[in-house]
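J.: So I've got this file, query_26.cif, and it contains mmCIF, C-alpha atoms:
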```
data_my_file
#
loop_
_atom_site.label_atom_id
_atom_site.label_comp_id
_atom_site.auth_asym_id
_atom_site.auth_seq_id
_atom_site.Cartn_x
_atom_site.Cartn_y
_atom_site.Cartn_z
CA MET A 1 -103.53 -193.49 -148.69
CA ARG A 2 -101.78 -195.83 -146.33
CA THR A 3 -101.19 -195.40 -142.65
CA THR A 4 -99.79 -197.49 -139.83
CA ARG A 5 -101.57 -199.50 -137.22
CA LEU A 6 -102.42 -198.29 -133.75
CA THR A 7 -100.68 -199.54 -130.66
CA VAL A 8 -103.70 -200.58 -128.64
CA MET A 9 -102.70 -204.00 -127.37
CA GLY A 10 -102.17 -203.64 -123.67
CA ALA A 11 -104.43 -200.60 -123.60
CA ILE A 12 -107.49 -202.82 -123.29
CA GLY A 13 -108.03 -205.82 -121.12
CA THR A 14 -110.20 -208.94 -121.03
CA ALA A 15 -113.22 -207.03 -119.80
CA ALA A 16 -112.93 -204.63 -122.69
CA VAL A 17 -112.78 -207.43 -125.24
CA LEU A 18 -115.80 -209.08 -123.65
CA ALA A 19 -117.67 -205.76 -123.77
CA LEU A 20 -116.88 -205.42 -127.45
CA SER A 21 -118.01 -208.96 -128.09
CA ALA A 22 -121.28 -208.22 -126.33
CA CYS A 23 -121.80 -205.16 -128.52
CA ALA A 24 -121.04 -207.27 -131.56
CA GLY A 25 -123.52 -209.94 -130.58
CA SER A 26 -126.44 -207.59 -130.05
CA THR A 27 -125.85 -205.81 -133.36
CA THR A 28 -125.58 -209.05 -135.29
CA ASN A 29 -128.91 -210.27 -133.96
CA ASN A 30 -130.58 -207.11 -135.23
CA THR A 31 -129.17 -207.36 -138.75
CA ALA A 32 -129.62 -210.94 -139.91
CA ALA A 33 -128.56 -211.73 -143.48
CA THR A 34 -131.95 -211.74 -145.16
CA GLY A 35 -131.40 -209.27 -148.02
CA THR A 36 -130.13 -209.47 -151.57
CA ILE A 37 -126.71 -210.76 -150.54
CA GLY A 38 -128.16 -213.41 -148.31
CA THR A 39 -126.13 -216.57 -147.78
CA PRO A 40 -125.28 -217.99 -151.21
CA SER A 41 -124.47 -221.67 -151.56
CA GLY A 42 -120.81 -222.16 -152.31
CA ALA A 43 -120.33 -225.91 -151.95
CA GLY A 44 -117.43 -226.98 -154.12
CA LYS A 45 -116.42 -223.39 -154.92
CA THR A 46 -113.39 -221.32 -153.92
CA ILE A 47 -112.98 -217.55 -153.92
CA THR A 48 -109.60 -215.82 -154.11
CA VAL A 49 -108.83 -212.93 -151.76
CA TRP A 50 -105.80 -210.66 -152.12
CA ALA A 51 -104.78 -209.16 -148.77
CA MET A 52 -101.87 -206.86 -148.01
CA ALA A 53 -99.19 -207.89 -145.52
CA GLY A 54 -99.32 -205.66 -142.46
CA ASP A 55 -103.04 -204.95 -142.69
CA LEU A 56 -105.33 -207.47 -141.01
CA SER A 57 -103.53 -210.17 -139.06
CA PRO A 58 -103.54 -213.87 -140.02
CA ALA A 59 -105.83 -214.51 -137.03
CA THR A 60 -108.37 -211.97 -138.27
CA MET A 61 -108.26 -213.22 -141.85
CA ASN A 62 -108.71 -216.77 -140.58
CA ALA A 63 -111.74 -215.69 -138.52
CA ILE A 64 -113.36 -214.14 -141.60
CA ASP A 65 -112.58 -217.14 -143.78
CA THR A 66 -113.75 -219.67 -141.20
CA LYS A 67 -117.09 -217.93 -140.73
CA PHE A 68 -117.49 -217.58 -144.50
CA THR A 69 -116.86 -221.27 -145.11
CA LYS A 70 -119.21 -222.26 -142.28
CA GLU A 71 -122.02 -220.12 -143.70
CA THR A 72 -121.59 -220.74 -147.43
CA GLY A 73 -119.64 -223.98 -147.79
CA ALA A 74 -117.14 -222.23 -150.07
CA LYS A 75 -113.41 -222.12 -149.40
CA VAL A 76 -111.02 -219.17 -149.53
CA ASN A 77 -107.72 -219.01 -151.38
CA LEU A 78 -105.99 -216.25 -149.42
CA GLN A 79 -103.05 -214.67 -151.24
CA VAL A 80 -101.06 -212.19 -149.14
CA GLN A 81 -99.27 -209.50 -151.14
CA ALA A 82 -95.95 -208.82 -149.45
CA SER A 83 -95.28 -205.25 -150.58
CA TRP A 84 -97.12 -202.05 -151.53
CA GLU A 85 -94.38 -201.29 -154.03
CA GLY A 86 -95.81 -201.83 -157.48
CA ILE A 87 -99.14 -203.02 -156.11
CA THR A 88 -101.17 -200.53 -158.19
CA THR A 89 -99.88 -201.99 -161.45
CA LYS A 90 -100.31 -205.53 -160.13
CA VAL A 91 -103.94 -204.94 -159.09
CA THR A 92 -104.79 -203.09 -162.31
CA THR A 93 -103.40 -205.96 -164.37
CA ALA A 94 -105.25 -208.57 -162.31
CA LEU A 95 -108.57 -206.71 -162.58
CA ALA A 96 -108.26 -206.63 -166.36
CA THR A 97 -108.01 -210.42 -166.71
CA SER A 98 -111.02 -212.59 -167.47
CA THR A 99 -110.69 -214.50 -164.18
CA PRO A 100 -109.35 -212.03 -161.60
CA PRO A 101 -109.15 -212.60 -157.86
CA ASP A 102 -112.58 -212.02 -156.35
CA VAL A 103 -111.75 -209.66 -153.48
CA PHE A 104 -108.93 -207.11 -153.14
CA ASP A 105 -107.51 -205.27 -150.12
CA LEU A 106 -107.21 -201.70 -151.46
CA GLY A 107 -105.89 -198.47 -149.98
CA ASN A 108 -108.96 -196.24 -149.53
CA THR A 109 -107.73 -193.48 -151.85
CA GLN A 110 -106.72 -195.97 -154.56
CA ILE A 111 -110.30 -197.02 -155.27
CA PRO A 112 -111.28 -194.15 -157.63
CA SER A 113 -108.60 -195.09 -160.16
CA TYR A 114 -109.62 -198.76 -160.20
CA ALA A 115 -113.31 -197.83 -160.43
CA ALA A 116 -112.66 -195.41 -163.28
CA ASN A 117 -111.07 -198.23 -165.27
CA GLY A 118 -114.15 -200.41 -164.78
CA GLY A 119 -112.27 -202.90 -162.64
CA LEU A 120 -114.47 -202.85 -159.54
CA LEU A 121 -118.02 -204.02 -158.96
CA ASP A 122 -120.59 -201.34 -158.12
CA VAL A 123 -121.85 -202.50 -154.71
CA THR A 124 -124.30 -199.65 -154.21
CA PRO A 125 -127.37 -201.98 -154.31
CA TYR A 126 -125.94 -203.89 -151.35
CA LYS A 127 -124.88 -200.95 -149.19
CA LYS A 128 -127.66 -201.37 -146.63
CA GLU A 129 -126.67 -204.97 -145.99
CA LEU A 130 -122.96 -204.22 -145.98
CA THR A 131 -123.27 -201.40 -143.41
CA GLN A 132 -125.44 -203.67 -141.25
CA GLY A 133 -127.23 -200.80 -139.59
CA ASN A 134 -124.06 -198.82 -138.93
CA THR A 135 -122.56 -195.59 -140.26
CA TRP A 136 -119.18 -196.02 -141.91
CA LEU A 137 -116.46 -193.48 -141.17
CA THR A 138 -116.72 -190.70 -143.74
CA GLY A 139 -113.04 -190.79 -144.59
CA LEU A 140 -113.32 -194.45 -145.60
CA GLU A 141 -116.64 -194.26 -147.43
CA LEU A 142 -116.08 -191.06 -149.42
CA PRO A 143 -113.11 -192.20 -151.53
CA ALA A 144 -114.93 -195.49 -152.17
CA THR A 145 -117.89 -193.55 -153.58
CA VAL A 146 -117.19 -192.52 -157.17
CA ASP A 147 -119.76 -190.44 -159.04
CA GLY A 148 -122.38 -191.43 -156.50
CA LYS A 149 -121.69 -195.16 -156.69
CA LEU A 150 -120.07 -197.33 -154.00
CA TYR A 151 -117.09 -199.46 -155.04
CA GLY A 152 -115.54 -200.47 -151.73
CA VAL A 153 -116.41 -201.89 -148.31
CA PRO A 154 -114.48 -200.10 -145.51
CA THR A 155 -112.11 -202.32 -143.56
CA PHE A 156 -110.23 -200.24 -140.97
CA ALA A 157 -108.89 -196.74 -140.40
CA GLY A 158 -105.91 -194.81 -139.11
CA ASP A 159 -105.67 -191.04 -138.57
CA ARG A 160 -103.86 -188.13 -136.89
CA ALA A 161 -104.33 -186.44 -133.55
CA VAL A 162 -102.43 -184.01 -131.34
CA ILE A 163 -99.59 -185.71 -129.46
CA TYR A 164 -98.43 -183.56 -126.54
CA ASN A 165 -95.77 -183.52 -123.83
CA LYS A 166 -97.57 -183.40 -120.49
CA LYS A 167 -94.42 -182.23 -118.69
CA ILE A 168 -93.98 -179.13 -120.85
CA TRP A 169 -97.69 -178.31 -120.68
CA ALA A 170 -97.80 -178.74 -116.88
CA ALA A 171 -94.69 -176.60 -116.41
CA ALA A 172 -96.55 -173.81 -118.22
CA GLY A 173 -99.55 -174.25 -115.94
CA VAL A 174 -101.68 -176.31 -118.33
CA THR A 175 -103.04 -179.51 -116.81
CA LYS A 176 -106.30 -180.10 -118.68
CA VAL A 177 -106.79 -181.25 -122.27
CA PRO A 178 -108.32 -178.42 -124.34
CA THR A 179 -111.68 -179.30 -125.83
CA THR A 180 -112.34 -176.00 -127.65
CA TYR A 181 -110.28 -173.93 -130.03
CA GLN A 182 -110.30 -170.99 -127.60
CA ALA A 183 -108.92 -173.22 -124.85
CA LEU A 184 -106.24 -174.60 -127.16
CA ILE A 185 -105.07 -171.11 -128.12
CA ALA A 186 -105.02 -169.99 -124.50
CA ASP A 187 -102.96 -173.06 -123.54
CA LEU A 188 -100.49 -172.58 -126.39
CA ASP A 189 -100.08 -168.92 -125.46
CA LYS A 190 -99.06 -169.99 -121.96
CA ILE A 191 -96.64 -172.58 -123.31
CA LYS A 192 -95.14 -170.07 -125.74
CA ALA A 193 -94.67 -167.50 -122.97
CA ALA A 194 -92.93 -170.08 -120.79
CA ASN A 195 -90.56 -171.23 -123.56
CA THR A 196 -88.93 -168.28 -125.29
CA ALA A 197 -86.10 -169.96 -127.23
CA SER A 198 -86.23 -168.99 -130.92
CA ASP A 199 -86.07 -172.62 -132.04
CA PHE A 200 -88.92 -173.74 -129.76
CA SER A 201 -92.42 -174.29 -131.13
CA ALA A 202 -95.42 -174.38 -128.84
CA PHE A 203 -96.94 -176.53 -131.60
CA TYR A 204 -94.57 -177.73 -134.34
CA TYR A 205 -96.53 -177.45 -137.60
CA PRO A 206 -94.39 -177.78 -140.76
CA GLY A 207 -95.59 -175.65 -143.66
CA GLN A 208 -95.62 -178.51 -146.20
CA TYR A 209 -97.67 -180.75 -143.92
CA TRP A 210 -100.76 -180.62 -146.12
CA TYR A 211 -102.65 -183.31 -144.20
CA ALA A 212 -102.63 -180.92 -141.25
CA GLY A 213 -103.33 -177.88 -143.41
CA MET A 214 -106.42 -179.41 -144.98
CA GLN A 215 -107.99 -179.80 -141.55
CA TRP A 216 -108.33 -176.03 -141.42
CA VAL A 217 -109.96 -175.87 -144.84
CA TRP A 218 -112.43 -178.62 -143.99
CA ASP A 219 -113.17 -177.10 -140.60
CA ALA A 220 -114.11 -173.83 -142.32
CA GLY A 221 -116.43 -175.68 -144.71
CA GLY A 222 -114.16 -175.68 -147.77
CA ASP A 223 -112.92 -178.59 -149.83
CA ILE A 224 -110.16 -179.48 -152.30
CA ALA A 225 -112.54 -180.13 -155.19
CA THR A 226 -116.13 -181.08 -155.90
CA LEU A 227 -117.75 -183.10 -158.69
CA SER A 228 -120.77 -181.86 -160.65
CA ASN A 229 -122.13 -183.25 -163.92
CA GLY A 230 -119.01 -185.30 -164.41
CA LYS A 231 -116.61 -182.37 -164.00
CA TRP A 232 -114.26 -181.67 -161.09
CA THR A 233 -113.96 -178.09 -159.85
CA ALA A 234 -111.14 -177.21 -157.45
CA GLY A 235 -112.38 -175.21 -154.49
CA LEU A 236 -109.52 -173.66 -152.52
CA SER A 237 -110.34 -170.21 -153.91
CA SER A 238 -113.82 -170.36 -152.39
CA GLU A 239 -114.67 -168.02 -149.51
CA LYS A 240 -114.84 -170.83 -146.96
CA ALA A 241 -111.60 -172.44 -148.10
CA GLN A 242 -109.86 -169.07 -148.03
CA GLN A 243 -110.99 -168.61 -144.42
CA GLY A 244 -109.44 -171.98 -143.58
CA LEU A 245 -106.18 -171.18 -145.37
CA ASN A 246 -105.88 -167.86 -143.57
CA ASP A 247 -106.61 -169.56 -140.24
CA PHE A 248 -103.91 -172.13 -141.03
CA LYS A 249 -101.37 -169.39 -141.76
CA THR A 250 -102.17 -167.53 -138.55
CA PHE A 251 -101.85 -170.64 -136.42
CA GLN A 252 -98.71 -171.90 -138.15
CA ASN A 253 -96.93 -168.54 -137.98
CA THR A 254 -97.93 -167.97 -134.36
CA TYR A 255 -97.07 -171.29 -132.76
CA SER A 256 -94.50 -172.98 -135.02
CA SER A 257 -90.93 -171.84 -135.60
CA VAL A 258 -89.93 -169.69 -138.57
CA ALA A 259 -87.69 -172.52 -139.75
CA SER A 260 -90.73 -174.81 -140.07
CA ARG A 261 -92.54 -172.76 -142.70
CA GLN A 262 -91.01 -174.32 -145.80
CA VAL A 263 -90.30 -177.87 -144.65
CA ASP A 264 -92.24 -181.10 -144.28
CA ILE A 265 -92.42 -183.41 -141.26
CA HIS A 266 -89.29 -185.36 -142.22
CA LYS A 267 -86.57 -182.71 -142.61
CA PRO A 268 -86.16 -182.41 -139.71
CA GLU A 269 -88.24 -185.28 -138.36
CA HIS A 270 -91.02 -183.77 -136.28
CA THR A 271 -90.82 -186.74 -133.90
CA GLN A 272 -87.16 -185.88 -133.22
CA MET A 273 -88.10 -182.25 -132.59
CA PHE A 274 -90.63 -183.52 -130.05
CA ALA A 275 -88.16 -185.96 -128.46
CA ASP A 276 -85.54 -183.20 -128.16
CA GLY A 277 -87.96 -180.92 -126.29
CA LYS A 278 -88.09 -178.41 -129.14
CA THR A 279 -91.89 -178.51 -129.19
CA ALA A 280 -94.73 -179.19 -126.82
CA ALA A 281 -97.02 -180.76 -129.43
CA ILE A 282 -97.24 -182.20 -132.94
CA LEU A 283 -100.02 -183.57 -135.11
CA GLY A 284 -99.06 -187.18 -135.61
CA ILE A 285 -100.00 -190.80 -136.15
CA PRO A 286 -100.07 -193.47 -133.41
CA THR A 287 -96.82 -195.24 -134.29
CA GLU A 288 -94.92 -191.99 -133.90
CA ILE A 289 -95.39 -192.31 -130.14
CA PRO A 290 -92.96 -195.26 -129.77
CA THR A 291 -90.63 -193.47 -132.23
CA ILE A 292 -90.54 -190.49 -129.86
CA GLU A 293 -89.93 -192.67 -126.83
CA LYS A 294 -87.13 -194.52 -128.58
CA ALA A 295 -85.47 -191.22 -129.49
CA ASN A 296 -85.78 -190.02 -125.89
CA PRO A 297 -86.05 -192.90 -123.37
CA LYS A 298 -86.71 -190.35 -120.62
CA LEU A 299 -90.16 -189.81 -122.14
CA THR A 300 -92.56 -192.57 -121.13
CA ASP A 301 -96.22 -193.32 -121.83
CA ALA A 302 -97.12 -191.42 -118.68
CA ASP A 303 -95.53 -188.25 -120.07
CA LEU A 304 -97.52 -188.25 -123.30
CA GLY A 305 -101.15 -187.77 -124.25
CA THR A 306 -103.35 -187.32 -127.29
CA PHE A 307 -106.48 -185.39 -128.20
CA PRO A 308 -108.33 -184.44 -131.39
CA PHE A 309 -107.57 -180.97 -132.72
CA PRO A 310 -110.41 -178.61 -131.69
CA GLY A 311 -111.72 -176.54 -134.61
CA LYS A 312 -112.77 -172.89 -134.83
CA SER A 313 -116.09 -174.28 -136.04
CA GLY A 314 -116.85 -175.47 -132.52
CA LYS A 315 -116.37 -179.08 -133.57
CA THR A 316 -113.30 -181.28 -133.88
CA GLN A 317 -111.30 -180.49 -137.01
CA PRO A 318 -112.02 -183.12 -139.70
CA VAL A 319 -109.05 -185.44 -140.16
CA MET A 320 -107.70 -187.23 -143.19
CA ILE A 321 -108.48 -190.92 -142.80
CA GLY A 322 -106.11 -193.53 -144.12
CA GLY A 323 -106.94 -197.20 -144.28
CA SER A 324 -108.28 -199.96 -146.47
CA ASP A 325 -111.46 -201.02 -148.23
CA TRP A 326 -112.40 -204.36 -149.73
CA GLY A 327 -113.04 -204.11 -153.46
CA ILE A 328 -114.78 -206.81 -155.51
CA ALA A 329 -113.63 -207.43 -159.07
CA ALA A 330 -116.21 -206.51 -161.69
CA LYS A 331 -115.21 -209.64 -163.61
CA SER A 332 -115.36 -211.91 -160.56
CA GLN A 333 -116.86 -215.30 -161.36
CA ASN A 334 -118.18 -215.49 -157.79
CA LYS A 335 -119.77 -212.09 -157.14
CA GLU A 336 -122.42 -213.37 -154.73
CA LEU A 337 -119.86 -215.22 -152.64
CA ALA A 338 -117.47 -212.25 -152.74
CA LEU A 339 -120.23 -210.00 -151.43
CA ALA A 340 -121.00 -212.47 -148.65
CA TRP A 341 -117.30 -212.55 -147.69
CA ALA A 342 -117.09 -208.74 -147.63
CA LYS A 343 -120.21 -208.54 -145.49
CA ILE A 344 -118.65 -210.87 -142.92
CA ALA A 345 -115.43 -208.81 -142.97
CA SER A 346 -117.48 -205.71 -142.15
CA SER A 347 -119.59 -207.41 -139.47
CA PRO A 348 -119.70 -206.33 -135.81
CA ASP A 349 -117.91 -209.43 -134.55
CA ILE A 350 -114.99 -209.08 -136.96
CA GLN A 351 -114.73 -205.31 -136.58
CA ASN A 352 -114.93 -205.20 -132.78
CA THR A 353 -113.37 -208.47 -131.65
CA TYR A 354 -110.65 -208.69 -134.29
CA VAL A 355 -109.97 -205.48 -136.26
CA PHE A 356 -109.93 -203.38 -133.08
CA ALA A 357 -109.36 -205.64 -130.08
CA LYS A 358 -106.80 -207.97 -131.67
CA ASP A 359 -105.22 -206.04 -134.55
CA GLY A 360 -105.26 -202.56 -133.05
CA TRP A 361 -106.94 -200.67 -135.89
CA ILE A 362 -109.71 -198.11 -135.68
CA PRO A 363 -112.82 -200.04 -136.83
CA ASN A 364 -114.81 -198.97 -139.87
CA SER A 365 -117.92 -197.36 -138.38
CA VAL A 366 -118.99 -194.64 -135.97
CA GLU A 367 -120.80 -197.20 -133.82
CA TYR A 368 -117.81 -199.50 -133.57
CA VAL A 369 -115.50 -196.61 -132.68
CA LYS A 370 -117.87 -195.54 -129.91
CA ALA A 371 -118.03 -199.14 -128.66
CA ALA A 372 -114.24 -199.13 -128.46
CA GLN A 373 -114.25 -195.79 -126.62
CA ALA A 374 -116.65 -197.22 -124.05
CA THR A 375 -114.04 -199.79 -123.03
CA GLY A 376 -111.78 -197.11 -121.55
CA LEU A 377 -108.93 -196.48 -123.95
CA SER A 378 -105.38 -195.53 -123.03
CA PRO A 379 -104.60 -191.77 -123.09
CA LEU A 380 -102.14 -192.61 -125.85
CA ILE A 381 -104.91 -193.54 -128.28
CA THR A 382 -108.05 -191.75 -127.09
CA GLY A 383 -107.29 -188.79 -129.33
CA PHE A 384 -107.08 -190.92 -132.46
CA PHE A 385 -110.42 -192.61 -131.88
CA ALA A 386 -112.14 -189.32 -131.09
CA ALA A 387 -110.62 -187.68 -134.18
CA ALA A 388 -111.82 -190.51 -136.45
CA LEU A 389 -115.46 -189.62 -135.76
CA THR A 390 -115.05 -186.46 -137.86
CA SER A 391 -113.19 -187.30 -141.03
CA LYS A 392 -112.79 -186.37 -144.69
CA SER A 393 -110.87 -187.65 -147.66
CA THR A 394 -109.20 -186.55 -150.86
CA PRO A 395 -111.37 -186.20 -153.99
CA ALA A 396 -112.60 -189.52 -155.38
CA ALA A 397 -110.98 -188.72 -158.72
CA ALA A 398 -109.02 -191.20 -160.81
CA ASN A 399 -106.14 -188.73 -161.23
CA TRP A 400 -105.85 -187.58 -157.62
CA SER A 401 -102.58 -189.51 -157.18
CA THR A 402 -100.94 -187.08 -159.63
CA ILE A 403 -101.64 -184.19 -157.26
CA GLU A 404 -100.02 -186.00 -154.36
CA GLY A 405 -97.15 -187.16 -156.55
CA ASP A 406 -96.20 -183.75 -157.95
CA LEU A 407 -96.26 -182.22 -154.43
CA SER A 408 -98.33 -179.27 -155.64
CA ILE A 409 -100.54 -179.43 -152.57
CA ASN A 410 -97.48 -179.49 -150.29
CA GLN A 411 -96.15 -176.36 -151.99
CA LEU A 412 -99.55 -174.67 -151.70
CA PHE A 413 -99.45 -174.76 -147.92
CA SER A 414 -95.72 -174.04 -147.72
CA SER A 415 -96.06 -170.92 -149.86
CA ILE A 416 -98.87 -169.68 -147.63
CA ALA A 417 -96.99 -170.41 -144.40
CA SER A 418 -93.80 -168.75 -145.65
CA GLY A 419 -95.61 -165.76 -147.15
CA THR A 420 -94.16 -166.22 -150.64
CA LYS A 421 -97.77 -166.21 -151.85
CA SER A 422 -100.98 -164.94 -150.35
CA PRO A 423 -103.67 -167.56 -149.63
CA ALA A 424 -105.66 -166.17 -152.56
CA ASP A 425 -102.78 -166.34 -155.05
CA ALA A 426 -101.63 -169.76 -153.86
CA ALA A 427 -105.16 -171.14 -154.13
CA LYS A 428 -105.68 -169.65 -157.59
CA ALA A 429 -102.55 -171.35 -158.93
CA PHE A 430 -103.37 -174.66 -157.26
CA ASP A 431 -106.99 -174.66 -158.40
CA SER A 432 -105.96 -174.11 -162.02
CA HIS A 433 -103.54 -177.02 -161.81
CA ALA A 434 -106.02 -179.28 -160.01
CA ASP A 435 -108.80 -178.53 -162.48
CA SER A 436 -106.55 -179.66 -165.30
CA VAL A 437 -105.23 -182.78 -163.56
CA LEU A 438 -108.48 -184.04 -162.04
CA ASN A 439 -110.35 -183.66 -165.32
CA GLY A 440 -107.59 -185.39 -167.28
CA LYS A 441 -106.68 -182.44 -169.46
#
```
For the structure just supplied, provide its representation as structure tokens.

T.:
Amino acid sequence: MRTTRLTVMGAIGTAAVLALSACAGSTTNNTAATGTIGTPSGAGKTITVWAMAGDLSPATMNAIDTKFTKETGAKVNLQVQASWEGITTKVTTALATSTPPDVFDLGNTQIPSYAANGGLLDVTPYKKELTQGNTWLTGLELPATVDGKLYGVPTFAGDRAVIYNKKIWAAAGVTKVPTTYQALIADLDKIKAANTASDFSAFYYPGQYWYAGMQWVWDAGGDIATLSNGKWTAGLSSEKAQQGLNDFKTFQNTYSSVASRQVDIHKPEHTQMFADGKTAAILGIPTEIPTIEKANPKLTDADLGTFPFPGKSGKTQPVMIGGSDWGIAAKSQNKELALAWAKIASSPDIQNTYVFAKDGWIPNSVEYVKAAQATGLSPLITGFFAAALTSKSTPAAANWSTIEGDLSINQLFSSIASGTKSPADAAKAFDSHADSVLNGK
């Protein structure tokens, strides 16, 4: 799954970058490259890296390549792929050749399909060295882990958080960010009472917005599907998932307009609803903030804020993480060098000083996210970083893309929100479909 980059430049200053660099330095000293990857000799060799335009910046890629060449003596042939359109076919074809590129920039949820075809190297034996003493974000690591084996090295993340209009909240008497579900409900009740127009939503929550809906299922302890003995079993009919689906329906029906129950976030655009003052909050991605401000120039950074969605569980609702992982071709002629390159790309210096501080992405580990938080982030992005610490992902199944493509999961949530099906009936139908698709029947 792809997402868009954060707007953090300007939200951190020189002191923050220096603080991140200091964190990077101390971590690097504690995790010297002395394991099975080591520092292979690459004199006279060149590895090929496919990177996607719009992901890591040229400056960041150059920093990785420069450090790699300095340490190994090998050079890097960087090939930037200009478009995501058709990239799946292009990567699949390249992986099948006898001399494929060595390293690929892959969308995190694309990895299972490439791994299932035997195209990616199993990097499980090198995980300890690649993590370098850190804990990768769950939403990046899970889809890269297929049948218990690791096939990708997390690169960066993007996610969703609550974006809210401080003016509307303050007018209703709410001036503090809710940190518990009970507080959120109490605040939304006040906002709803103060804004009685039939087309106003205290929290605009489109019924087809399955990324948002799944947060309720995960928060209740349910999941889309689980793998056991090589077989996928859909799980939305489970007791915990049913609790989450019922909680989703209650929240959606209570705080979002009737008109929102059978639509997605684009018809109408939920950012336009926000800009027009038709809602006090949405669940959105970082780049939707400038979209809102462009649609309504009267709304400025000072009028907006973000926070992670508090769950009924007492914790933050798990969010769907989007982002990229580095995959190494199983047929690479330079596996040792490719592993060394990926290790550098995942290192503290690259993650903190470049991926976050220069490129504006959420870095790949819990520790790096916390290091970024310690710099004092802008209110416009604090919610996204906090949300990333509790994340999930779609099933690491080769056929998952079919589920997203046929919109069956969108219709699941829409039918529940609109009441055309009960949560139990909607889940039963979806689970039957998912069982068939995920197991390739």

J.: Enumerate, as a PyMOL selection string, the residues matched when the PyMOL selection byres ((chain A and resi 427-430) around 12) is run on the file above.

T.: chain A and resi 217+222-225+233-239+241-246+403+406-416+421-426+431-438

J.: With all atoms listed in the file as the atoms that count, which of A:Leu106, A:Ala342, A:Ile289, A:Ala63 lies nearest to Lys90 (chain A)?

T.: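 Residue with the minimum atom-to-atom distance to Lys90 (chain A): A:Leu106.
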
J.: Measuring atom to atom with all atoms listed in the file, identify which of A:Thr279, A:Thr60, A:Gln351, A:Ser324 is nearest to Pro363 (chain A).

T.: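 That would be A:Gln351, the residue with the smallest distance to Pro363 (chain A).
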
J.: What is the CA of Tyr209 (chain A)-CA of Gln262 (chain A) distance in Å, reported with one decimal?

T.: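 Separating CA of Tyr209 (chain A) from CA of Gln262 (chain A) is a distance of 9.4 Å.
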
J.: Report the residues retrieved by the PyMOL selection byres ((chain A and resi 277) around 12) from the displayed file, expressed as a compact mmCIF listing (two decimals) with C-alpha atoms, in the frame of the given file.

T.:
```txt
# COMPACT_ATOMS: atom_id res chain seq x y z
CA TYR A 164 -98.43 -183.56 -126.54
CA ASN A 165 -95.77 -183.52 -123.83
CA LYS A 166 -97.57 -183.40 -120.49
CA LYS A 167 -94.42 -182.23 -118.69
CA ILE A 168 -93.98 -179.13 -120.85
CA TRP A 169 -97.69 -178.31 -120.68
CA ASN A 195 -90.56 -171.23 -123.56
CA ALA A 197 -86.10 -169.96 -127.23
CA ASP A 199 -86.07 -172.62 -132.04
CA PHE A 200 -88.92 -173.74 -129.76
CA SER A 201 -92.42 -174.29 -131.13
CA ALA A 202 -95.42 -174.38 -128.84
CA PHE A 203 -96.94 -176.53 -131.60
CA TYR A 204 -94.57 -177.73 -134.34
CA HIS A 270 -91.02 -183.77 -136.28
CA THR A 271 -90.82 -186.74 -133.90
CA GLN A 272 -87.16 -185.88 -133.22
CA MET A 273 -88.10 -182.25 -132.59
CA PHE A 274 -90.63 -183.52 -130.05
CA ALA A 275 -88.16 -185.96 -128.46
CA ASP A 276 -85.54 -183.20 -128.16
CA LYS A 278 -88.09 -178.41 -129.14
CA THR A 279 -91.89 -178.51 -129.19
CA ALA A 280 -94.73 -179.19 -126.82
CA ALA A 281 -97.02 -180.76 -129.43
CA ILE A 282 -97.24 -182.20 -132.94
CA ILE A 292 -90.54 -190.49 -129.86
CA GLU A 293 -89.93 -192.67 -126.83
CA ALA A 295 -85.47 -191.22 -129.49
CA ASN A 296 -85.78 -190.02 -125.89
CA LYS A 298 -86.71 -190.35 -120.62
CA LEU A 299 -90.16 -189.81 -122.14
```

J.: Care to translate the PyMOL selection byres ((chain A and resi 365) around 9) into actual residues of this file, as number ranges by chain?

T.: A: 131, 134-138, 154, 156, 351, 362-364, 366-370, 389

J.: Between CA of Pro395 (chain A) and CA of Gln110 (chain A), what distance in Å does the model show, to one decimal?

T.: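 Separation of CA of Pro395 (chain A) and CA of Gln110 (chain A): 10.8 Å.
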
J.: Output as an mmCIF file, in the frame of the given file: region 177-181 of chain A, completed with N, CA, C and O atoms.

T.:
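Final file, selection09.cif:
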```
data_model
loop_
_atom_site.group_PDB
_atom_site.id
_atom_site.type_symbol
_atom_site.label_atom_id
_atom_site.label_comp_id
_atom_site.auth_asym_id
_atom_site.auth_seq_id
_atom_site.Cartn_x
_atom_site.Cartn_y
_atom_site.Cartn_z
ATOM 1 N N VAL A 177 -106.760 -181.142 -120.805
ATOM 2 C CA VAL A 177 -106.790 -181.250 -122.270
ATOM 3 C C VAL A 177 -107.788 -180.237 -122.822
ATOM 4 O O VAL A 177 -108.940 -180.201 -122.377
ATOM 5 N N PRO A 178 -107.389 -179.401 -123.767
ATOM 6 C CA PRO A 178 -108.320 -178.420 -124.340
ATOM 7 C C PRO A 178 -109.376 -179.107 -125.213
ATOM 8 O O PRO A 178 -109.045 -179.977 -126.029
ATOM 9 N N THR A 179 -110.602 -178.719 -125.044
ATOM 10 C CA THR A 179 -111.680 -179.300 -125.830
ATOM 11 C C THR A 179 -112.311 -178.286 -126.779
ATOM 12 O O THR A 179 -113.197 -178.632 -127.549
ATOM 13 N N THR A 180 -111.860 -177.029 -126.724
ATOM 14 C CA THR A 180 -112.340 -176.000 -127.650
ATOM 15 C C THR A 180 -111.135 -175.304 -128.259
ATOM 16 O O THR A 180 -110.014 -175.354 -127.728
ATOM 17 N N TYR A 181 -111.368 -174.649 -129.375
ATOM 18 C CA TYR A 181 -110.280 -173.930 -130.030
ATOM 19 C C TYR A 181 -109.770 -172.796 -129.143
ATOM 20 O O TYR A 181 -108.562 -172.574 -129.040
#
```
